[in-house]
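> File query-v5.txt follows (compact mmCIF, C-alpha atoms):
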```
# COMPACT_ATOMS: atom_id res chain seq x y z
CA MET A 136 7.82 15.64 4.98
CA ASN A 137 11.07 17.28 6.11
CA GLY A 138 12.84 16.25 9.28
CA VAL A 139 12.45 13.15 11.34
CA VAL A 140 9.12 12.03 12.75
CA ILE A 141 9.24 9.20 15.25
CA LYS A 142 5.92 7.66 16.19
CA GLN A 143 5.08 5.34 19.03
CA ILE A 144 2.37 2.75 18.58
CA GLY A 145 0.06 4.80 20.82
CA ASP A 146 0.33 7.73 18.41
CA ILE A 147 -1.36 5.75 15.63
CA SER A 148 -5.10 5.19 15.40
CA ILE A 149 -7.49 3.31 13.16
CA GLY A 150 -8.74 5.77 10.54
CA ASP A 151 -5.48 7.75 10.28
CA SER A 152 -4.94 8.55 6.62
CA ALA A 153 -2.35 10.14 4.34
CA TYR A 154 -1.72 10.58 0.65
CA PHE A 155 1.10 11.18 -1.81
CA ALA A 156 0.91 11.98 -5.52
CA LYS A 157 3.60 11.86 -8.20
CA THR A 158 3.75 12.10 -11.98
CA VAL A 159 5.63 9.06 -13.31
CA THR A 160 8.08 10.28 -15.94
CA GLU A 161 10.14 8.56 -18.63
CA ALA A 162 13.22 9.34 -16.50
CA ASP A 163 11.65 7.49 -13.55
CA VAL A 164 11.06 4.38 -15.64
CA MET A 165 14.60 4.38 -17.07
CA MET A 166 16.03 4.93 -13.59
CA PHE A 167 14.02 2.04 -12.20
CA ALA A 168 15.24 -0.19 -15.07
CA MET A 169 18.81 0.72 -14.16
CA LEU A 170 18.18 0.17 -10.47
CA SER A 171 16.36 -3.14 -10.73
CA GLY A 172 18.03 -4.60 -13.82
CA ASP A 173 14.62 -5.01 -15.49
CA TYR A 174 14.94 -3.63 -19.02
CA ALA A 175 11.90 -5.52 -20.35
CA SER A 176 10.87 -4.14 -23.73
CA HIS A 177 7.42 -2.95 -22.69
CA HIS A 178 9.18 -0.60 -20.23
CA VAL A 179 12.06 0.70 -22.35
CA ASP A 180 11.30 0.13 -26.05
CA GLU A 181 8.55 2.37 -27.47
CA SER A 182 8.44 0.51 -30.82
CA PHE A 183 7.86 -2.81 -29.08
CA ALA A 184 5.46 -1.26 -26.59
CA GLN A 185 3.23 -0.02 -29.40
CA THR A 186 2.61 -3.64 -30.40
CA THR A 187 1.32 -4.55 -26.93
CA LEU A 188 -2.08 -4.33 -25.34
CA PHE A 189 -1.07 -1.00 -23.79
CA LYS A 190 0.06 0.66 -27.08
CA SER A 191 2.78 2.52 -25.22
CA ARG A 192 5.52 2.00 -22.63
CA ILE A 193 4.30 1.32 -19.10
CA ALA A 194 5.95 1.79 -15.72
CA HIS A 195 7.21 -1.21 -13.77
CA GLY A 196 4.55 -2.31 -11.30
CA MET A 197 7.16 -2.26 -8.57
CA LEU A 198 7.93 1.39 -9.38
CA THR A 199 4.28 2.31 -8.82
CA ALA A 200 4.35 0.21 -5.65
CA GLY A 201 7.40 2.22 -4.54
CA LEU A 202 5.25 5.35 -4.45
CA ILE A 203 3.40 3.78 -1.54
CA CYS A 204 6.51 4.09 0.68
CA PRO A 205 6.08 7.79 1.52
CA VAL A 206 2.51 7.15 2.68
CA LEU A 207 3.66 4.35 4.99
CA ARG A 208 6.26 6.75 6.36
CA LEU A 209 3.70 9.52 6.90
CA LEU A 210 1.42 7.14 8.80
CA CYS A 211 4.02 5.23 10.84
CA GLY A 212 6.98 7.60 11.07
CA ASP A 213 10.70 7.21 10.46
CA GLY A 214 12.24 3.90 11.38
CA SER A 215 9.18 1.82 10.64
CA THR A 216 9.64 -1.06 8.20
CA THR A 217 7.33 -3.19 6.11
CA ARG A 218 6.86 -6.68 7.44
CA SER A 219 4.59 -7.94 4.67
CA GLN A 220 2.48 -6.71 1.79
CA GLU A 221 -0.16 -7.93 -0.62
CA ILE A 222 -0.61 -5.98 -3.81
CA ALA A 223 -2.97 -6.38 -6.77
CA PHE A 224 -2.10 -4.50 -9.95
CA LYS A 225 -5.37 -3.55 -11.62
CA SER A 226 -4.39 -1.20 -14.41
CA ALA A 227 -1.18 -0.06 -16.13
CA VAL A 228 0.61 3.22 -15.42
CA LEU A 229 1.63 4.97 -18.65
CA LEU A 230 4.40 7.57 -18.92
CA ASN A 231 3.32 10.92 -17.49
CA ASP A 232 0.38 9.48 -15.60
CA THR A 233 -0.04 11.11 -12.21
CA VAL A 234 -0.50 8.47 -9.52
CA THR A 235 -2.23 9.31 -6.24
CA VAL A 236 -1.60 6.96 -3.33
CA LYS A 237 -4.02 7.00 -0.40
CA GLY A 238 -3.41 4.97 2.73
CA GLU A 239 -5.60 4.38 5.77
CA VAL A 240 -4.83 2.61 9.02
CA THR A 241 -7.28 -0.27 9.52
CA GLU A 242 -5.68 -2.12 12.42
CA VAL A 243 -3.23 -1.31 15.21
CA SER A 244 -1.67 -4.16 17.15
CA GLU A 245 -0.14 -2.66 20.28
CA ASP A 246 1.41 -5.93 21.43
CA ASP A 247 3.69 -6.51 18.45
CA LYS A 248 3.76 -2.86 17.29
CA VAL A 249 2.39 -3.66 13.86
CA VAL A 250 0.04 -1.38 11.92
CA THR A 251 -2.13 -2.58 9.03
CA ILE A 252 -2.62 -0.06 6.22
CA GLU A 253 -4.98 -0.39 3.27
CA VAL A 254 -3.73 1.42 0.18
CA VAL A 255 -5.35 2.43 -3.08
CA CYS A 256 -3.51 4.04 -6.00
CA THR A 257 -5.53 5.89 -8.61
CA LYS A 258 -4.80 7.89 -11.71
CA GLN A 259 -5.41 11.64 -11.92
CA GLY A 260 -8.83 12.21 -13.37
CA HIS A 261 -10.02 9.00 -11.71
CA VAL A 262 -13.73 9.06 -11.02
CA GLU A 263 -15.69 6.95 -8.59
CA GLY A 264 -16.17 3.50 -10.11
CA ASP A 265 -13.05 3.66 -12.31
CA ARG A 266 -10.69 0.75 -11.90
CA PRO A 267 -7.89 1.72 -9.51
CA LEU A 268 -4.26 1.21 -10.52
CA VAL A 269 -3.18 -0.70 -7.43
CA LEU A 270 -4.79 -2.09 -4.28
CA GLY A 271 -2.60 -3.09 -1.38
CA THR A 272 -2.48 -4.19 2.23
CA PHE A 273 0.69 -3.46 4.21
CA LYS A 274 1.79 -4.63 7.65
CA GLN A 275 4.16 -1.98 8.95
CA ALA A 276 6.30 -2.66 12.03
CA LEU A 277 7.56 0.08 14.35
CA VAL A 278 11.08 -1.11 15.03
CA VAL A 279 12.99 1.97 16.26
CA MET B 261 19.34 -10.89 -20.88
CA ASN B 262 19.87 -8.87 -24.06
CA GLY B 263 17.26 -8.64 -26.77
CA VAL B 264 13.58 -9.47 -26.61
CA VAL B 265 12.29 -12.85 -25.49
CA ILE B 266 8.60 -13.46 -26.04
CA LYS B 267 7.14 -16.52 -24.38
CA GLN B 268 3.81 -18.21 -24.95
CA ILE B 269 2.09 -19.93 -22.06
CA GLY B 270 3.01 -23.32 -23.58
CA ASP B 271 6.70 -22.41 -23.31
CA ILE B 272 6.50 -22.23 -19.50
CA SER B 273 6.53 -25.28 -17.24
CA ILE B 274 6.26 -25.99 -13.52
CA GLY B 275 9.80 -26.23 -12.16
CA ASP B 276 11.29 -23.62 -14.51
CA SER B 277 13.72 -21.54 -12.46
CA ALA B 278 15.94 -18.48 -12.81
CA TYR B 279 18.06 -16.26 -10.63
CA PHE B 280 19.50 -12.75 -10.48
CA ALA B 281 22.01 -11.28 -8.04
CA LYS B 282 22.95 -7.68 -7.34
CA THR B 283 24.97 -5.79 -4.77
CA VAL B 284 22.80 -3.03 -3.27
CA THR B 285 24.87 0.14 -3.12
CA GLU B 286 24.49 3.46 -1.34
CA ALA B 287 23.80 5.00 -4.77
CA ASP B 288 20.93 2.55 -5.29
CA VAL B 289 19.32 3.53 -2.00
CA MET B 290 19.65 7.27 -2.69
CA MET B 291 18.29 6.77 -6.20
CA PHE B 292 15.31 4.85 -4.86
CA ALA B 293 14.67 7.64 -2.30
CA MET B 294 14.62 10.14 -5.16
CA LEU B 295 12.40 7.93 -7.29
CA SER B 296 9.87 7.01 -4.62
CA GLY B 297 9.93 10.15 -2.51
CA ASP B 298 10.75 8.06 0.58
CA TYR B 299 13.63 9.80 2.37
CA ALA B 300 12.98 8.10 5.70
CA SER B 301 15.92 8.59 8.04
CA HIS B 302 16.82 4.92 8.40
CA HIS B 303 17.46 4.88 4.63
CA VAL B 304 19.32 8.17 4.16
CA ASP B 305 20.72 9.36 7.51
CA GLU B 306 23.63 7.27 8.84
CA SER B 307 23.67 9.06 12.22
CA PHE B 308 20.01 8.30 12.81
CA ALA B 309 20.38 4.78 11.43
CA GLN B 310 23.07 3.98 13.99
CA THR B 311 20.48 4.52 16.74
CA THR B 312 18.12 1.90 15.27
CA LEU B 313 17.89 -1.85 15.66
CA PHE B 314 19.91 -2.24 12.44
CA LYS B 315 22.84 0.02 13.54
CA SER B 316 23.26 1.19 9.94
CA ARG B 317 21.27 2.43 6.95
CA ILE B 318 19.07 -0.20 5.28
CA ALA B 319 17.66 -0.44 1.78
CA HIS B 320 13.98 0.23 1.15
CA GLY B 321 12.09 -3.07 1.16
CA MET B 322 10.55 -2.12 -2.15
CA LEU B 323 14.01 -1.66 -3.66
CA THR B 324 14.91 -5.23 -2.72
CA ALA B 325 11.54 -6.33 -4.08
CA GLY B 326 12.42 -4.54 -7.34
CA LEU B 327 15.32 -6.95 -7.83
CA ILE B 328 12.73 -9.69 -8.31
CA CYS B 329 11.57 -8.08 -11.60
CA PRO B 330 14.42 -9.46 -13.75
CA VAL B 331 13.66 -12.99 -12.55
CA LEU B 332 9.99 -12.64 -13.50
CA ARG B 333 11.15 -11.44 -16.91
CA LEU B 334 13.54 -14.35 -17.35
CA LEU B 335 10.78 -16.83 -16.50
CA CYS B 336 7.86 -15.24 -18.37
CA GLY B 337 9.49 -13.17 -21.11
CA ASP B 338 9.04 -9.60 -22.29
CA GLY B 339 5.56 -8.15 -22.19
CA SER B 340 4.45 -10.12 -19.13
CA THR B 341 3.10 -8.10 -16.23
CA THR B 342 2.52 -8.76 -12.55
CA ARG B 343 -1.12 -9.23 -11.64
CA SER B 344 -0.60 -9.69 -7.91
CA GLN B 345 2.10 -10.33 -5.36
CA GLU B 346 2.49 -11.29 -1.73
CA ILE B 347 5.79 -10.48 -0.08
CA ALA B 348 7.14 -11.07 3.43
CA PHE B 349 10.23 -9.11 4.46
CA LYS B 350 12.20 -11.31 6.83
CA SER B 351 15.50 -9.51 7.29
CA ALA B 352 16.99 -6.11 6.44
CA VAL B 353 19.30 -5.43 3.49
CA LEU B 354 22.29 -3.30 4.52
CA LEU B 355 24.38 -1.20 2.16
CA ASN B 356 26.72 -3.37 0.06
CA ASP B 357 24.83 -6.57 0.78
CA THR B 358 24.63 -8.81 -2.27
CA VAL B 359 21.08 -10.05 -2.78
CA THR B 360 20.39 -13.23 -4.74
CA VAL B 361 16.86 -13.68 -6.06
CA LYS B 362 15.71 -17.16 -7.05
CA GLY B 363 12.35 -17.80 -8.68
CA GLU B 364 10.60 -21.03 -9.55
CA VAL B 365 7.39 -21.61 -11.47
CA THR B 366 4.92 -23.51 -9.28
CA GLU B 367 1.71 -23.19 -11.32
CA VAL B 368 0.80 -22.50 -14.95
CA SER B 369 -2.78 -21.59 -15.78
CA GLU B 370 -3.18 -22.02 -19.52
CA ASP B 371 -6.74 -20.67 -19.59
CA ASP B 372 -6.03 -17.21 -18.25
CA LYS B 373 -2.31 -17.20 -19.16
CA VAL B 374 -1.17 -16.63 -15.59
CA VAL B 375 1.99 -18.12 -14.11
CA THR B 376 2.61 -18.44 -10.36
CA ILE B 377 6.21 -17.95 -9.25
CA GLU B 378 7.62 -18.54 -5.76
CA VAL B 379 10.56 -16.28 -4.97
CA VAL B 380 13.21 -16.30 -2.26
CA CYS B 381 15.83 -13.59 -1.79
CA THR B 382 18.92 -14.41 0.23
CA LYS B 383 22.10 -12.63 1.21
CA GLN B 384 25.50 -13.67 -0.11
CA GLY B 385 27.05 -16.07 2.36
CA HIS B 386 23.60 -17.36 3.23
CA VAL B 387 23.68 -20.90 4.49
CA GLU B 388 20.86 -23.41 4.65
CA GLY B 389 18.69 -22.57 7.63
CA ASP B 390 19.58 -18.85 7.68
CA ARG B 391 16.63 -16.52 7.63
CA PRO B 392 16.01 -15.36 4.03
CA LEU B 393 15.69 -11.65 3.23
CA VAL B 394 12.41 -11.86 1.35
CA LEU B 395 9.83 -14.51 0.47
CA GLY B 396 7.32 -13.83 -2.25
CA THR B 397 4.58 -15.26 -4.45
CA PHE B 398 3.91 -13.58 -7.78
CA LYS B 399 1.10 -14.06 -10.30
CA GLN B 400 2.51 -13.04 -13.66
CA ALA B 401 0.18 -12.55 -16.64
CA LEU B 402 1.30 -13.00 -20.25
CA VAL B 403 -0.43 -10.07 -21.91
CA VAL B 404 1.43 -9.47 -25.20
```
Would you encode the structure as structure tokens?

Amino acid sequence: MNGVVIKQIGDISIGDSAYFAKTVTEADVMMFAMLSGDYASHHVDESFAQTTLFKSRIAHGMLTAGLICPVLRLLCGDGSTTRSQEIAFKSAVLLNDTVTVKGEVTEVSEDDKVVTIEVVCTKQGHVEGDRPLVLGTFKQALVV
Amino acid sequence: MNGVVIKQIGDISIGDSAYFAKTVTEADVMMFAMLSGDYASHHVDESFAQTTLFKSRIAHGMLTAGLICPVLRLLCGDGSTTRSQEIAFKSAVLLNDTVTVKGEVTEVSEDDKVVTIEVVCTKQGHVEGDRPLVLGTFKQALVV
């Protein structure tokens, strides 16, 4: 994903797909806490986190959602921006989980240069029928 | 927002509100690029960014959305997690813009311990009638 890729709306087709995978580390979670200002205990305090349903610290949902950005970029190119999104968080991301994000173009609106992308995030080792981590729908606008 | 605040569903009422404000710096945007893997040119390349509609680098939408997390925490306490969200991005956040996030509880479901929060993000200097930066609806679950 080096360099600049500019796409025109005619370059994008229904069925285009891309993926990105990343291991979510303790450093990532602490960095996101610093960035967002959200130091909630289930993200930063292992002792507290062990008393929760998850038995361990979990990543911020919005951090996992952030991993979707590179897929939107791969599909729509540099200079495209998100107009709207709907996300359902289905399962928690624990430290050192590897998250795979897959995106697929499901709609291309040539008139307003907006592309609809359906996204699913799964955990490494995910098997068919497992609950995904995140499901999302993104409307990405080509604004350059 | 120091220390741990645990809330029970009975502690939360329709009309509860909270806010958080933060100036989005160049360092924030570069850190989010590193964290997410999204180095799209309109976020990290000032020369490219000057050729776009925005005439300058803009923050990742998901970085702005991340600033909503502290408000969800203030309203629902530690150990609450986001079940789903809908976000509309209405206007770009430029470097050094100060973003104010306001959240208000609009629904409390005692049975499944889910709280609905309406969020609006505005830019400092925003006046009534200006276009907001972000509008969002969050379903926050109390899971501790």
> Give me, as a Markdown table, each residue of chain A that comes within 6 Å of chain B, together with its shortest interatomic pair and the distance in Å at one decimal, counting all atoms listed in the file, with rows ordered by chain and rising residue number.

```
| residue | atom | partner | partner_atom | distance |
| --- | --- | --- | --- | --- |
| A:Ser171 | CA | B:Leu327 | CA | 4.9 |
| A:Asp173 | CA | B:Pro330 | CA | 4.8 |
| A:Ala175 | CA | B:Asp338 | CA | 5.3 |
| A:Ser176 | CA | B:Asp338 | CA | 5.9 |
| A:His177 | CA | B:Gly339 | CA | 5.5 |
| A:Thr187 | CA | B:Val404 | CA | 5.2 |
| A:Met197 | CA | B:Gly326 | CA | 5.9 |
| A:Gly201 | CA | B:Ser296 | CA | 5.4 |
| A:Leu202 | CA | B:Ser296 | CA | 4.9 |
| A:Cys204 | CA | B:Asp298 | CA | 5.8 |
| A:Pro205 | CA | B:Asp298 | CA | 4.8 |
| A:Asp213 | CA | B:Ala300 | CA | 5.4 |
| A:Gly214 | CA | B:His302 | CA | 5.6 |
| A:Arg218 | CA | B:Phe349 | CA | 5.1 |
| A:Ser219 | CA | B:Ala348 | CA | 4.2 |
| A:Gln220 | CA | B:Ile347 | CA | 5.4 |
| A:Glu221 | CA | B:Glu346 | CA | 4.4 |
| A:Ile222 | CA | B:Gln345 | CA | 5.4 |
| A:Ala223 | CA | B:Ser344 | CA | 4.2 |
| A:Phe224 | CA | B:Arg343 | CA | 5.1 |
| A:Val279 | CA | B:Thr312 | CA | 5.2 |
```
> Give me the residues within 8 Å of region 236-245 of chain A as a PyMOL selection string, counting all atoms listed in the file and dropping any in the same chain fewer than 4 places off.
chain A and resi 144-145+147-156+202-203+206-207+210+249-257
> Could you tell me how far CA of Met165 (chain A) sits from CA of Leu354 (chain B), in Å to one decimal place?
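For CA of Leu354 (chain B) relative to CA of Met165 (chain A), the distance reads 24.2 Å.
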> Mind giving me the straight-line distance from CA of Gln400 (chain B) to CA of Cys336 (chain B) in Å, one decimal?
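That distance, rounded to one decimal, is 7.5 Å.
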> Work out how far CA of Ala401 (chain B) is from CA of Glu263 (chain A), in Å to one decimal.
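For CA of Glu263 (chain A) relative to CA of Ala401 (chain B), the distance reads 26.4 Å.
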> My list of candidates is A:Glu181, A:Glu161, A:Asp265, A:Asp246. Which is closest to Asp232 (chain A) when distances are computed with all atoms listed in the file?
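For Asp232 (chain A), the nearest of the given residues is A:Glu161.
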> Taking (-6.7, 12.7, -11.3) in the coordinates of the supplied file, I want to know which residues reach to within 8 Å of it, counting only C-alpha atoms; could you give the answer as a PyMOL selection string?
chain A and resi 233-235+257-262
> Can you fill out region 337-367 of chain B with N, CA and C atoms and hand it back as an mmCIF file, in the frame of the given file?

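Listing of part-v8.cif after writing:
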```cif
data_model
loop_
_atom_site.group_PDB
_atom_site.id
_atom_site.type_symbol
_atom_site.label_atom_id
_atom_site.label_comp_id
_atom_site.auth_asym_id
_atom_site.auth_seq_id
_atom_site.Cartn_x
_atom_site.Cartn_y
_atom_site.Cartn_z
ATOM 1 N N GLY B 337 9.238 -13.880 -19.858
ATOM 2 C CA GLY B 337 9.490 -13.170 -21.110
ATOM 3 C C GLY B 337 9.053 -11.718 -21.077
ATOM 4 N N ASP B 338 9.407 -11.013 -22.141
ATOM 5 C CA ASP B 338 9.040 -9.600 -22.290
ATOM 6 C C ASP B 338 7.527 -9.489 -22.491
ATOM 7 N N GLY B 339 6.986 -8.417 -21.972
ATOM 8 C CA GLY B 339 5.560 -8.150 -22.190
ATOM 9 C C GLY B 339 4.676 -8.833 -21.161
ATOM 10 N N SER B 340 5.275 -9.554 -20.205
ATOM 11 C CA SER B 340 4.450 -10.120 -19.130
ATOM 12 C C SER B 340 4.386 -9.107 -17.990
ATOM 13 N N THR B 341 3.259 -9.082 -17.314
ATOM 14 C CA THR B 341 3.100 -8.100 -16.230
ATOM 15 C C THR B 341 2.607 -8.793 -14.965
ATOM 16 N N THR B 342 2.913 -8.177 -13.825
ATOM 17 C CA THR B 342 2.520 -8.760 -12.550
ATOM 18 C C THR B 342 1.062 -8.420 -12.248
ATOM 19 N N ARG B 343 0.290 -9.447 -11.988
ATOM 20 C CA ARG B 343 -1.120 -9.230 -11.640
ATOM 21 C C ARG B 343 -1.269 -9.049 -10.125
ATOM 22 N N SER B 344 -0.545 -9.846 -9.366
ATOM 23 C CA SER B 344 -0.600 -9.690 -7.910
ATOM 24 C C SER B 344 0.660 -10.259 -7.284
ATOM 25 N N GLN B 345 0.912 -9.842 -6.059
ATOM 26 C CA GLN B 345 2.100 -10.330 -5.360
ATOM 27 C C GLN B 345 1.838 -10.333 -3.856
ATOM 28 N N GLU B 346 2.468 -11.266 -3.195
ATOM 29 C CA GLU B 346 2.490 -11.290 -1.730
ATOM 30 C C GLU B 346 3.949 -11.389 -1.327
ATOM 31 N N ILE B 347 4.386 -10.499 -0.467
ATOM 32 C CA ILE B 347 5.790 -10.480 -0.080
ATOM 33 C C ILE B 347 5.896 -10.395 1.442
ATOM 34 N N ALA B 348 6.800 -11.189 2.002
ATOM 35 C CA ALA B 348 7.140 -11.070 3.430
ATOM 36 C C ALA B 348 8.610 -10.656 3.516
ATOM 37 N N PHE B 349 8.857 -9.591 4.254
ATOM 38 C CA PHE B 349 10.230 -9.110 4.460
ATOM 39 C C PHE B 349 10.727 -9.712 5.776
ATOM 40 N N LYS B 350 11.764 -10.522 5.682
ATOM 41 C CA LYS B 350 12.200 -11.310 6.830
ATOM 42 C C LYS B 350 13.430 -10.735 7.502
ATOM 43 N N SER B 351 14.241 -9.996 6.739
ATOM 44 C CA SER B 351 15.500 -9.510 7.290
ATOM 45 C C SER B 351 15.928 -8.291 6.480
ATOM 46 N N ALA B 352 16.634 -7.369 7.108
ATOM 47 C CA ALA B 352 16.990 -6.110 6.440
ATOM 48 C C ALA B 352 18.171 -6.283 5.494
ATOM 49 N N VAL B 353 18.166 -5.481 4.431
ATOM 50 C CA VAL B 353 19.300 -5.430 3.490
ATOM 51 C C VAL B 353 20.120 -4.188 3.832
ATOM 52 N N LEU B 354 21.377 -4.405 4.206
ATOM 53 C CA LEU B 354 22.290 -3.300 4.520
ATOM 54 C C LEU B 354 23.023 -2.867 3.260
ATOM 55 N N LEU B 355 23.596 -1.675 3.292
ATOM 56 C CA LEU B 355 24.380 -1.200 2.160
ATOM 57 C C LEU B 355 25.494 -2.208 1.850
ATOM 58 N N ASN B 356 25.689 -2.451 0.572
ATOM 59 C CA ASN B 356 26.720 -3.370 0.060
ATOM 60 C C ASN B 356 26.437 -4.849 0.266
ATOM 61 N N ASP B 357 25.258 -5.164 0.789
ATOM 62 C CA ASP B 357 24.830 -6.570 0.780
ATOM 63 C C ASP B 357 24.582 -7.015 -0.658
ATOM 64 N N THR B 358 24.974 -8.224 -0.974
ATOM 65 C CA THR B 358 24.630 -8.810 -2.270
ATOM 66 C C THR B 358 23.393 -9.684 -2.092
ATOM 67 N N VAL B 359 22.364 -9.357 -2.871
ATOM 68 C CA VAL B 359 21.080 -10.050 -2.780
ATOM 69 C C VAL B 359 20.954 -11.007 -3.963
ATOM 70 N N THR B 360 20.657 -12.259 -3.675
ATOM 71 C CA THR B 360 20.390 -13.230 -4.740
ATOM 72 C C THR B 360 18.905 -13.558 -4.734
ATOM 73 N N VAL B 361 18.287 -13.411 -5.899
ATOM 74 C CA VAL B 361 16.860 -13.680 -6.060
ATOM 75 C C VAL B 361 16.714 -14.971 -6.863
ATOM 76 N N LYS B 362 16.001 -15.935 -6.301
ATOM 77 C CA LYS B 362 15.710 -17.160 -7.050
ATOM 78 C C LYS B 362 14.209 -17.311 -7.202
ATOM 79 N N GLY B 363 13.783 -17.617 -8.413
ATOM 80 C CA GLY B 363 12.350 -17.800 -8.680
ATOM 81 C C GLY B 363 12.105 -19.149 -9.307
ATOM 82 N N GLU B 364 10.971 -19.738 -8.958
ATOM 83 C CA GLU B 364 10.600 -21.030 -9.550
ATOM 84 C C GLU B 364 9.108 -21.039 -9.863
ATOM 85 N N VAL B 365 8.786 -21.515 -11.042
ATOM 86 C CA VAL B 365 7.390 -21.610 -11.470
ATOM 87 C C VAL B 365 6.724 -22.761 -10.715
ATOM 88 N N THR B 366 5.607 -22.464 -10.049
ATOM 89 C CA THR B 366 4.920 -23.510 -9.280
ATOM 90 C C THR B 366 3.527 -23.813 -9.842
ATOM 91 N N GLU B 367 3.051 -22.964 -10.760
ATOM 92 C CA GLU B 367 1.710 -23.190 -11.320
ATOM 93 C C GLU B 367 1.639 -22.485 -12.664
#
```
